[in-house]
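One structure is given here, and the rest of the page talks about it.
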Amino acid sequence: MESVIFKERADQIHRKGEQPFALTCDRESLAGAVSQRACVFCGSRVVLYPIADALHLVHGPIGCAAYTWDIRGALSSGPELHRLSFSTDLRERDVIFGGEEKLKKALYELIERYRPKAAFVYSTCIVGIIGDDLEAVSKGVAAETGIPVLPVQSEGFKGNKRAGYEAACKALSRLVGTGDTTGISPFSVNILGDFNLAGEIWIIRRYFERMGVQVVANITGDGRVDDIRRAHGAALNLVQCSGSTMELARIMKEKYGIPFHRVSYFGLEDMSEALYSVARFFKDDGIMRKTRELVRDELSVLMPELEKYRKDLEGRRAAIYVGGVFKAFSLVKAFRLLGMKVVMVGTQSGTRSDYEELERITDDGTIIVDDSNPLELSSFLMEKDVDIFVGGVKERPIAYKLGVAFCDHNHERKVALEGFEGMLNFVREVHSSVMSPVWRFAPRRNP
Amino acid sequence: MLDMTPVETIERQALRINPAKTCQPIGALYAALGIHRCLPHSHGSQGCCSYHRSHLTRHFKEPIMASTSSFTEGAAVFGGAANLRQALKNIFHIYNPDVVAVHTTCLSETIGDDIPSIVKAARDEGIIPEGKHVIHANTPSYVGSHVTGFANMARAMAELFAQRNGGAKDQINVVPGFVEPSDMREIKRILFEMGVKAVVFPDTSDVLDAPQTGRHAFYPKGGVTVDSLISTGDSRMTFSLGPYASEEAGKILRTRFEIPNKVLDLPVGIGATDRFIEAVMGVTGTEPPEAMMDDRGRLVDMMTDNQQYFYGKRAAVFGDPDHVVSMTEFLRDLGMQPVYVVTGTPGRRFETAVKGILAQAVPDAKVKAFSDLFELHQWIKKEPVDLLVGNTYGKFIARAEDIPFVRFGFPILDRVGHGYFPCVGYRGGMRLVEKILGVLQDREDRDSPDHSIELVM
């Protein structure tokens with residue numbers, strides 16, 4: 001294997017400083033590549049899954065339900081209906097004769113047993129082919145049961161994960177606007193694009209409480225159907241996580257005139273800026289004062305703590321490969337704060353403007369890559385002699401096989417990484433993996 | 001989280017809750033990893049491949065390599081032939097495998113892609129380089145389960161590689177079942193110790209239990225070689241370990257080359273291992289070496305030393321059919337009462353086998369194929385058990401009902417060890433005894449009041 005890079009993928013990799021910026025992205029993955037990307041269904045499922053008092057029924061063969069059963073630590077403070085796995089488990093005869101009857105029966109049975117506040121019905125590849133009319137079934141069941149039944153048009157082949165985010169947003173947008181908005185404060189927001197992994201949304205909600213800002217709906221971490229139904233009563237939408245809920249924010253802007261801010265709760269700079277942008281939006285002296293106090297208090301506790309880790313980490317090299325670009329921005333800044341060098345950064349689904357921004361905030365020599373694969377990633381890690389790799393489930397074992405420290409910044413994180421305290425958790429995770437004595441026994445460090 | 005499970009059971013026809021199975025393609029992908037320098041290829045949407053890789057990564061804590069045809073709307077309408085051709089071109093160009101093992105998905109099955117003719121056309125056009133191989137298995141997700149997918153890919157290996165090249169070789173074929181790399185390694189060791197030359201296929205040892213080398217080997221050193229697979233057509237005999245996962249492969253060799261196919265239970269537990277060893281002896285006429293009989297003796301020693309902890313305890317077992325059948329027998333042999341025995345995989349054979357095992361010991365045991373964990377939980381709620389044995393998903397039931405729990409089978413997403421330490425053979429039996437006894441005694445320690453907690457057990 002002389003080169004690990006497909007000719008066709010060469011323009012999806014950029015080395016800052018070596019050439020003028022030109023990165024192709026938003027392209028379908030090359031057939032035959034060991035891509036790290038997923039499908040439409042996956043995108044929809046991750047966005048909607050955390051709504052804890054809704055029923056989530058996967059209409060398809062068992063796999064789609066099995067692989068998404070409780071794989072994401074999206075915590076709920078109350079109901080946990082979302083953590084069970086419901087599927088119509090389509091069989092051969094259903095594929096031949098159609099699965100609508102089965103779907104209907106399953107919905108009636110589940111709604112009767114669990115009395116959910118709403119039901120999401122996910123379409124899978126095969127449903128798109130056999131042509132079950134999810135819309136009609138949902139409508140009928142909704143009329144009979146009196147709860148919203150929302151079809152999610154998430155046939156896997158209809159695009160990549162981003163198309164799935166849009167399908168989820170479309171389903172959500174049918175829920176928004178159906179609830180009563182009385183009593184909502186003029187100083188109110190919806191939190192979009194946070195999935196309450198390891199309890200992160202609770203941290204963010206506490207900040208807004210301290211600022212005197214009401215959170216109307218969590219969309220979707222620790223989410224509740226009734227909150228989402230009245231989300232159109234909020235004054236501002238805060239959108240995190242590169243685009244997973246952007247479509248909903250756009251729809252809500254168009255339909256209800258609610259403006260949105262793109263924010264990130266990750267890293268000190270972006271976390272502070274997220275809070276300040278809300279304070280500035282409301283143009284309220286009290287909120288601004290409380291925000292300043294909050295940031296000052298948090299930083300005064302945090303900075304001395306961070307310093308303890310800085311001396312071990314300064315100058316070390318980091319690589320980032322994550323799903324969305326917004327997370328990548330924050331990670332680049334966070335590593336800079338620690339005096340670390342980001343030598344590679346890539347995402348599964350960035351857009352051109354996203355990558356331009358990445359190119360702006362990274363140093364010369366940094367590799368920027370779109371839709372990468374294991375061969376490329378391991379060659380970049382070796383080439384750049386990386387000390388820590390930040391990624392998700394499929395990246396972890398690659399890092400470990402190379403003898404490189406790793407931090408999971410995806411579904412499988414076990415501690416909250418958002419907020420000021422999350423930054424400290426992140427630094428501790430990075431520090432504990434980088435400083436672990438085990439790497440000394442790995443051949444890379446000990447040839 | 002499982003506090004909503006009602007005790008009363010009603011017949012469900014349209015609904016699966018908390019499945020005890022997954023779909024065919026992941027089993028095919030896993031089996032294909034057991035061929036040396038093979039890249040499994042998923043002919044379907046990107047998500048399938050991504051899910052399978054993630055799921056297997058969580059289970060094995062190893063990088064899992066597989067490529068995908070990356071279906072789009074166009075492929076769904078016009079067929080996936082162009083995607084597969086493009087994929088093969090790219091795969092051989094950059095990843096340079098010896099074998100590409102294509103499995104289908106519900107999508108490509110339903111649109112009706114004819115894999116053999118697509119592959120043949122690709123070979124005619126020179127897309128598949130000389131000396132390279134492309135095999136395929138049909139693995140529709142809406143038929144069978146992940147175990148069926150494994151069986152179909154194992155069968156494809158035999159069907160598409162095996163040749164008769166010159167009289168019977170002095171070797172046997174062993175299809176080890178959907179088991180861990182550690183189990184395949186142990187089966188090979190047992191055969192080696194007994195002086196038997198064997199082709200074990202698939203074989204994921206040294207693929208998915210690869211050592212840390214500081215390098216990411218795209219193709220680790222393990223896996224059954226193409227030459228070995230070709231030679232299976234000359235073997236004297238095939239042992240299919242576990243009917244659900246392995247019989248298909250043995251059957252095709254029997255049909256094509258009249259190689260006798262002996263279907264055995266997965267050699268988990270003492271009885272099934274005895275039968276495996278006896279069957280090997282029957283072919284070769286060789287006695288097991290003393291060291292192996294000492295292993296057996298040690299297993300019996302552990303069983304007899306601790307029988308008082310097992311006798312009469314009620315157990316529930318769930319998972320893949322071949323695993324569950326052998327485990328049920330082993331629990332029975334330990335003196336336990338497997339009262340609930342469940343698999344998600346469809347098939348009557350399972351129920352017949354388990355009922356046969358339990359006919360004397362637990363005549364009223366509840367046994368069900370094509371079931372799920374929701375149903376098992378309902379039974380347990382109605383009448384509790386002292387031990388739960390099954391894959392990681394059992395942890396929710398174990399927690400809700402406060403039952404000692406032993407992880408066994410696929411997948412295990414929250415513990416390590418299964419990839420490294422076998423459950424098969426006498427040594428595997430010892431490990432299982434240790435694990436089961438451990439959770440039972442931990443429970444006794446936890447629940448004993450201060451005055452009666454025992455130092456010596």
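Ligands are numbered from 1 in the order shown, residues from 1 within each chain, and chains are lettered A, B, ... in the order they appear in the structure tokens.
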task: Show which residues sit within 6 Å of range 180-187 of chain B, as a ChimeraX atom specification. Count only C-alpha atoms, and ignore same-chain residues fewer than 2 positions away.
output: /B:189-190,204-205,419-422,424
field: Sel. of helix (DSSP H, G or I) residues, range 144-326 of chain B, as number ranges by chain
entry: B: 146-161, 181-193, 226-234, 243-257, 270-284, 290-305, 307-310, 321-326
Take the residues from that selection and put them in a file with C-alpha atoms, as a tab-separated table (two decimals), in the first residue's frame.
chain	number	residue	atom	x	y	z
B	146	HIS	CA	-27.33	-12.27	13.42
B	147	VAL	CA	-26.64	-15.97	13.98
B	148	THR	CA	-28.21	-16.76	10.61
B	149	GLY	CA	-25.94	-14.15	9.03
B	150	PHE	CA	-22.90	-15.84	10.53
B	151	ALA	CA	-24.10	-19.21	9.25
B	152	ASN	CA	-24.67	-17.82	5.77
B	153	MET	CA	-21.21	-16.29	5.52
B	154	ALA	CA	-19.57	-19.45	6.90
B	155	ARG	CA	-21.49	-21.38	4.28
B	156	ALA	CA	-20.32	-18.97	1.56
B	157	MET	CA	-16.72	-19.66	2.55
B	158	ALA	CA	-17.23	-23.38	2.05
B	159	GLU	CA	-19.34	-22.98	-1.04
B	160	LEU	CA	-17.11	-20.56	-2.91
B	161	PHE	CA	-13.65	-21.74	-1.90
B	181	PRO	CA	-11.64	-15.28	19.17
B	182	SER	CA	-10.62	-16.81	22.50
B	183	ASP	CA	-12.96	-19.73	21.90
B	184	MET	CA	-11.65	-20.29	18.39
B	185	ARG	CA	-8.12	-20.22	19.75
B	186	GLU	CA	-9.06	-22.77	22.42
B	187	ILE	CA	-10.75	-25.06	19.90
B	188	LYS	CA	-7.59	-24.96	17.78
B	189	ARG	CA	-5.48	-25.71	20.83
B	190	ILE	CA	-7.62	-28.69	21.78
B	191	LEU	CA	-7.40	-30.08	18.25
B	192	PHE	CA	-3.66	-29.53	18.18
B	193	GLU	CA	-3.20	-31.24	21.56
B	226	VAL	CA	-7.66	-18.91	1.27
B	227	ASP	CA	-5.48	-22.00	0.73
B	228	SER	CA	-6.86	-23.59	3.87
B	229	LEU	CA	-10.41	-22.81	2.78
B	230	ILE	CA	-9.76	-24.35	-0.63
B	231	SER	CA	-8.46	-27.48	1.08
B	232	THR	CA	-11.68	-27.98	3.06
B	233	GLY	CA	-12.99	-29.85	0.03
B	234	ASP	CA	-10.42	-32.57	0.66
B	243	PRO	CA	-26.42	-26.18	14.49
B	244	TYR	CA	-27.69	-22.61	14.13
B	245	ALA	CA	-24.35	-21.00	13.34
B	246	SER	CA	-22.40	-23.80	11.72
B	247	GLU	CA	-24.51	-26.52	10.17
B	248	GLU	CA	-25.03	-24.73	6.85
B	249	ALA	CA	-21.30	-24.71	6.11
B	250	GLY	CA	-20.92	-28.39	6.89
B	251	LYS	CA	-24.00	-29.23	4.88
B	252	ILE	CA	-22.72	-27.64	1.70
B	253	LEU	CA	-19.44	-29.55	1.96
B	254	ARG	CA	-21.38	-32.75	2.38
B	255	THR	CA	-23.57	-32.01	-0.60
B	256	ARG	CA	-20.71	-31.08	-2.87
B	257	PHE	CA	-17.96	-33.43	-1.78
B	270	ILE	CA	-18.73	-30.57	30.47
B	271	GLY	CA	-21.26	-32.69	28.58
B	272	ALA	CA	-20.98	-30.89	25.27
B	273	THR	CA	-17.19	-30.79	25.54
B	274	ASP	CA	-17.08	-34.52	26.25
B	275	ARG	CA	-19.11	-35.16	23.13
B	276	PHE	CA	-16.83	-32.96	21.06
B	277	ILE	CA	-13.70	-34.72	22.31
B	278	GLU	CA	-15.29	-38.12	21.74
B	279	ALA	CA	-16.26	-37.16	18.24
B	280	VAL	CA	-12.70	-36.09	17.47
B	281	MET	CA	-11.44	-39.36	18.93
B	282	GLY	CA	-13.89	-41.20	16.71
B	283	VAL	CA	-12.36	-39.70	13.60
B	284	THR	CA	-8.72	-39.96	14.48
B	290	GLU	CA	-3.19	-36.79	29.78
B	291	ALA	CA	-2.99	-33.02	30.21
B	292	MET	CA	-6.42	-32.62	28.66
B	293	MET	CA	-7.94	-35.28	30.84
B	294	ASP	CA	-6.39	-33.46	33.78
B	295	ASP	CA	-8.20	-30.32	32.64
B	296	ARG	CA	-11.39	-32.30	32.66
B	297	GLY	CA	-10.58	-33.63	36.09
B	298	ARG	CA	-10.01	-30.13	37.38
B	299	LEU	CA	-13.37	-29.02	36.00
B	300	VAL	CA	-15.08	-31.97	37.70
B	301	ASP	CA	-13.16	-31.11	40.84
B	302	MET	CA	-14.52	-27.56	40.83
B	303	MET	CA	-18.02	-28.83	40.19
B	304	THR	CA	-17.93	-31.36	42.99
B	305	ASP	CA	-16.16	-29.08	45.46
B	307	GLN	CA	-22.06	-28.48	44.29
B	308	GLN	CA	-23.78	-27.17	47.41
B	309	TYR	CA	-23.82	-23.65	46.01
B	310	PHE	CA	-25.48	-24.69	42.78
B	321	PRO	CA	-29.52	-20.52	20.42
B	322	ASP	CA	-26.30	-22.55	20.20
B	323	HIS	CA	-24.88	-20.83	23.26
B	324	VAL	CA	-28.06	-21.10	25.26
B	325	VAL	CA	-28.59	-24.81	24.53
B	326	SER	CA	-25.14	-25.75	25.80
field: Residue hits in chain B, query chain A, radius 7 Å, only C-alpha atoms, as a ChimeraX atom specification
entry: /B:1,14-19,22-23,45-47,50-51,54-55,57,61-63,65-73,83,86-88,90-91,94,106-107,141-143,212-216
field: Pro97 in chain B environment, 7 Å, only C-alpha atoms, sequence neighbours closer than 3 positions dropped, as a list in words
entry: Arg37, Cys38, Leu39, Phe92 and Val100 of chain B
Can you spit out the residues from that selection as a PDB file, in the first residue's frame, using C-alpha atoms?
ATOM      1  CA  ARG B  37      -6.616 -10.490   4.784  1.00  0.00           C
ATOM      2  CA  CYS B  38     -10.333 -10.182   4.137  1.00  0.00           C
ATOM      3  CA  LEU B  39     -12.279  -6.950   3.985  1.00  0.00           C
ATOM      4  CA  PHE B  92      -8.693  -3.391  -4.390  1.00  0.00           C
ATOM      5  CA  VAL B 100     -13.655  -9.192  -0.242  1.00  0.00           C
TER       6      VAL B 100
END
Which residues come within 10 Å of Thr104 in chain B, counting only C-alpha atoms, excluding same-chain residues fewer than 2 positions away, as a compact mmCIF listing (two decimals) with all heavy atoms, in the first residue's frame?
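Final output, saved to part_10.txt:
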# COMPACT_ATOMS: atom_id res chain seq x y z
N GLN B 24 -29.03 -10.05 10.50
CA GLN B 24 -28.07 -10.94 9.83
C GLN B 24 -26.71 -10.31 9.48
O GLN B 24 -25.67 -10.93 9.70
CB GLN B 24 -28.68 -11.49 8.54
CG GLN B 24 -29.66 -12.62 8.74
CD GLN B 24 -29.67 -13.55 7.53
OE1 GLN B 24 -28.62 -13.95 7.02
NE2 GLN B 24 -30.84 -13.89 7.07
N PRO B 25 -26.71 -9.12 8.88
CA PRO B 25 -25.44 -8.62 8.35
C PRO B 25 -24.28 -8.55 9.36
O PRO B 25 -23.14 -8.83 9.01
CB PRO B 25 -25.80 -7.22 7.84
CG PRO B 25 -27.24 -7.33 7.44
CD PRO B 25 -27.84 -8.25 8.47
N ALA B 28 -22.61 -11.84 9.50
CA ALA B 28 -21.82 -12.10 8.30
C ALA B 28 -20.52 -11.31 8.33
O ALA B 28 -19.46 -11.80 7.95
CB ALA B 28 -22.65 -11.72 7.06
N HIS B 41 -17.55 -6.50 3.29
CA HIS B 41 -18.17 -5.38 2.57
C HIS B 41 -19.68 -5.44 2.72
O HIS B 41 -20.30 -6.46 2.43
CB HIS B 41 -17.78 -5.41 1.09
CG HIS B 41 -18.39 -4.28 0.32
ND1 HIS B 41 -17.85 -3.02 0.30
CD2 HIS B 41 -19.52 -4.21 -0.42
CE1 HIS B 41 -18.60 -2.22 -0.43
NE2 HIS B 41 -19.64 -2.91 -0.89
N SER B 42 -20.24 -4.33 3.15
CA SER B 42 -21.68 -4.25 3.37
C SER B 42 -22.33 -3.60 2.16
O SER B 42 -22.06 -2.44 1.85
CB SER B 42 -21.92 -3.41 4.63
OG SER B 42 -23.27 -3.01 4.71
N HIS B 43 -23.19 -4.37 1.49
CA HIS B 43 -23.84 -3.84 0.30
C HIS B 43 -25.19 -3.25 0.71
O HIS B 43 -26.21 -3.94 0.73
CB HIS B 43 -24.01 -4.97 -0.73
CG HIS B 43 -24.51 -4.50 -2.06
ND1 HIS B 43 -23.93 -3.46 -2.74
CD2 HIS B 43 -25.56 -4.91 -2.82
CE1 HIS B 43 -24.59 -3.26 -3.88
NE2 HIS B 43 -25.58 -4.12 -3.94
N GLY B 44 -25.13 -1.97 1.06
CA GLY B 44 -26.34 -1.29 1.53
C GLY B 44 -26.02 0.15 1.87
O GLY B 44 -25.05 0.71 1.35
N SER B 69 -21.13 -0.09 0.37
CA SER B 69 -21.50 0.40 -0.95
C SER B 69 -22.09 1.80 -0.90
O SER B 69 -22.37 2.39 -1.95
CB SER B 69 -22.52 -0.54 -1.61
OG SER B 69 -21.91 -1.76 -1.94
N VAL B 102 -18.65 -9.95 0.51
CA VAL B 102 -19.82 -9.08 0.40
C VAL B 102 -21.01 -9.72 1.12
O VAL B 102 -21.28 -10.90 0.93
CB VAL B 102 -20.20 -8.87 -1.09
CG1 VAL B 102 -21.41 -7.94 -1.21
CG2 VAL B 102 -19.01 -8.33 -1.87
N CYS B 106 -31.05 -5.52 4.10
CA CYS B 106 -32.47 -5.58 3.74
C CYS B 106 -32.73 -4.74 2.49
O CYS B 106 -33.54 -5.10 1.65
CB CYS B 106 -33.37 -5.15 4.89
SG CYS B 106 -32.91 -3.67 5.75
N LEU B 107 -32.00 -3.64 2.38
CA LEU B 107 -32.21 -2.76 1.23
C LEU B 107 -31.82 -3.43 -0.09
O LEU B 107 -32.63 -3.52 -1.01
CB LEU B 107 -31.40 -1.47 1.45
CG LEU B 107 -31.47 -0.42 0.36
CD1 LEU B 107 -32.90 -0.02 0.07
CD2 LEU B 107 -30.68 0.81 0.79
N SER B 108 -30.59 -3.93 -0.15
CA SER B 108 -30.16 -4.50 -1.43
C SER B 108 -30.90 -5.80 -1.74
O SER B 108 -31.12 -6.15 -2.90
CB SER B 108 -28.64 -4.72 -1.44
OG SER B 108 -28.21 -5.46 -0.33
N GLU B 109 -31.32 -6.52 -0.68
CA GLU B 109 -32.12 -7.73 -0.93
C GLU B 109 -33.46 -7.37 -1.55
O GLU B 109 -33.94 -8.03 -2.47
CB GLU B 109 -32.37 -8.47 0.38
CG GLU B 109 -31.20 -9.29 0.88
CD GLU B 109 -30.92 -10.50 0.01
OE1 GLU B 109 -31.88 -11.07 -0.55
OE2 GLU B 109 -29.74 -10.89 -0.11
N THR B 110 -34.07 -6.33 -1.03
CA THR B 110 -35.42 -6.00 -1.47
C THR B 110 -35.44 -5.41 -2.86
O THR B 110 -36.35 -5.66 -3.64
CB THR B 110 -36.09 -5.05 -0.46
OG1 THR B 110 -35.91 -5.59 0.84
CG2 THR B 110 -37.57 -4.90 -0.74
N ASP B 113 -30.75 -6.80 -5.95
CA ASP B 113 -29.42 -6.85 -6.56
C ASP B 113 -28.93 -8.30 -6.65
O ASP B 113 -28.99 -9.04 -5.67
CB ASP B 113 -28.42 -6.04 -5.73
CG ASP B 113 -28.53 -4.56 -6.02
OD1 ASP B 113 -29.20 -4.20 -7.00
OD2 ASP B 113 -27.94 -3.77 -5.26
N ASP B 114 -28.45 -8.66 -7.82
CA ASP B 114 -27.95 -10.02 -8.02
C ASP B 114 -26.43 -9.98 -7.87
O ASP B 114 -25.70 -9.69 -8.83
CB ASP B 114 -28.37 -10.49 -9.41
CG ASP B 114 -27.86 -11.89 -9.71
OD1 ASP B 114 -27.35 -12.54 -8.77
OD2 ASP B 114 -27.95 -12.31 -10.87
N ILE B 115 -25.97 -10.29 -6.68
CA ILE B 115 -24.54 -10.12 -6.38
C ILE B 115 -23.65 -10.98 -7.28
O ILE B 115 -22.66 -10.48 -7.84
CB ILE B 115 -24.24 -10.42 -4.89
CG1 ILE B 115 -25.20 -9.64 -3.98
CG2 ILE B 115 -22.79 -10.10 -4.54
CD1 ILE B 115 -25.06 -8.16 -4.00
N HIS B 136 -19.61 -13.88 -1.49
CA HIS B 136 -20.79 -13.14 -1.06
C HIS B 136 -21.76 -14.05 -0.33
O HIS B 136 -21.76 -15.28 -0.54
CB HIS B 136 -21.51 -12.53 -2.25
CG HIS B 136 -22.17 -13.55 -3.11
ND1 HIS B 136 -21.50 -14.23 -4.09
CD2 HIS B 136 -23.43 -14.06 -3.07
CE1 HIS B 136 -22.32 -15.10 -4.65
NE2 HIS B 136 -23.49 -15.03 -4.05
N ALA B 137 -22.57 -13.44 0.53
CA ALA B 137 -23.64 -14.17 1.21
C ALA B 137 -24.88 -13.29 1.21
O ALA B 137 -24.77 -12.08 1.35
CB ALA B 137 -23.24 -14.50 2.64
N ASN B 138 -26.02 -13.92 1.02
CA ASN B 138 -27.28 -13.20 1.10
C ASN B 138 -27.73 -13.16 2.56
O ASN B 138 -27.95 -14.21 3.17
CB ASN B 138 -28.35 -13.88 0.25
CG ASN B 138 -28.04 -13.71 -1.22
OD1 ASN B 138 -27.37 -14.54 -1.83
ND2 ASN B 138 -28.47 -12.59 -1.77
N THR B 139 -27.86 -11.98 3.08
CA THR B 139 -28.17 -11.86 4.50
C THR B 139 -29.27 -10.83 4.73
O THR B 139 -29.05 -9.78 5.32
CB THR B 139 -26.91 -11.43 5.29
OG1 THR B 139 -26.35 -10.27 4.66
CG2 THR B 139 -25.87 -12.51 5.32
N PRO B 140 -30.49 -11.13 4.25
CA PRO B 140 -31.59 -10.18 4.47
C PRO B 140 -31.88 -10.04 5.97
O PRO B 140 -31.99 -11.03 6.67
CB PRO B 140 -32.77 -10.83 3.74
CG PRO B 140 -32.42 -12.28 3.62
CD PRO B 140 -30.92 -12.34 3.52
N SER B 141 -32.00 -8.80 6.40
CA SER B 141 -32.14 -8.53 7.84
C SER B 141 -33.47 -9.01 8.39
O SER B 141 -33.63 -9.12 9.59
CB SER B 141 -32.01 -7.04 8.08
OG SER B 141 -31.01 -6.51 7.28
N GLY B 149 -26.90 -14.86 9.88
CA GLY B 149 -25.94 -14.15 9.03
C GLY B 149 -24.56 -14.78 9.12
O GLY B 149 -23.85 -14.93 8.11
message: Report as an MDAnalysis selection string all protein, DNA and RNA residues lying within 7 Å of Lys366 in chain B, evaluated on only C-alpha atoms, omitting residues in the same chain fewer than 2 positions from it.
response: chainID B and resid 339:341 364 368
message: Taking only C-alpha atoms into account, name the residue in A:Ala163, A:Phe420, A:Lys414, A:Ser154 that is nearest to Glu273 in chain A.
response: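 Of A:Ala163, A:Phe420, A:Lys414, A:Ser154, the one nearest Glu273 in chain A, counting only C-alpha atoms, is A:Phe420.
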- request: Kindly indicate which residue among A:Asn196, A:Ser272, A:Ser185, A:Gln348 lies nearest to Ile51 in chain A, using only C-alpha atoms for the distances.
  value: A:Asn196
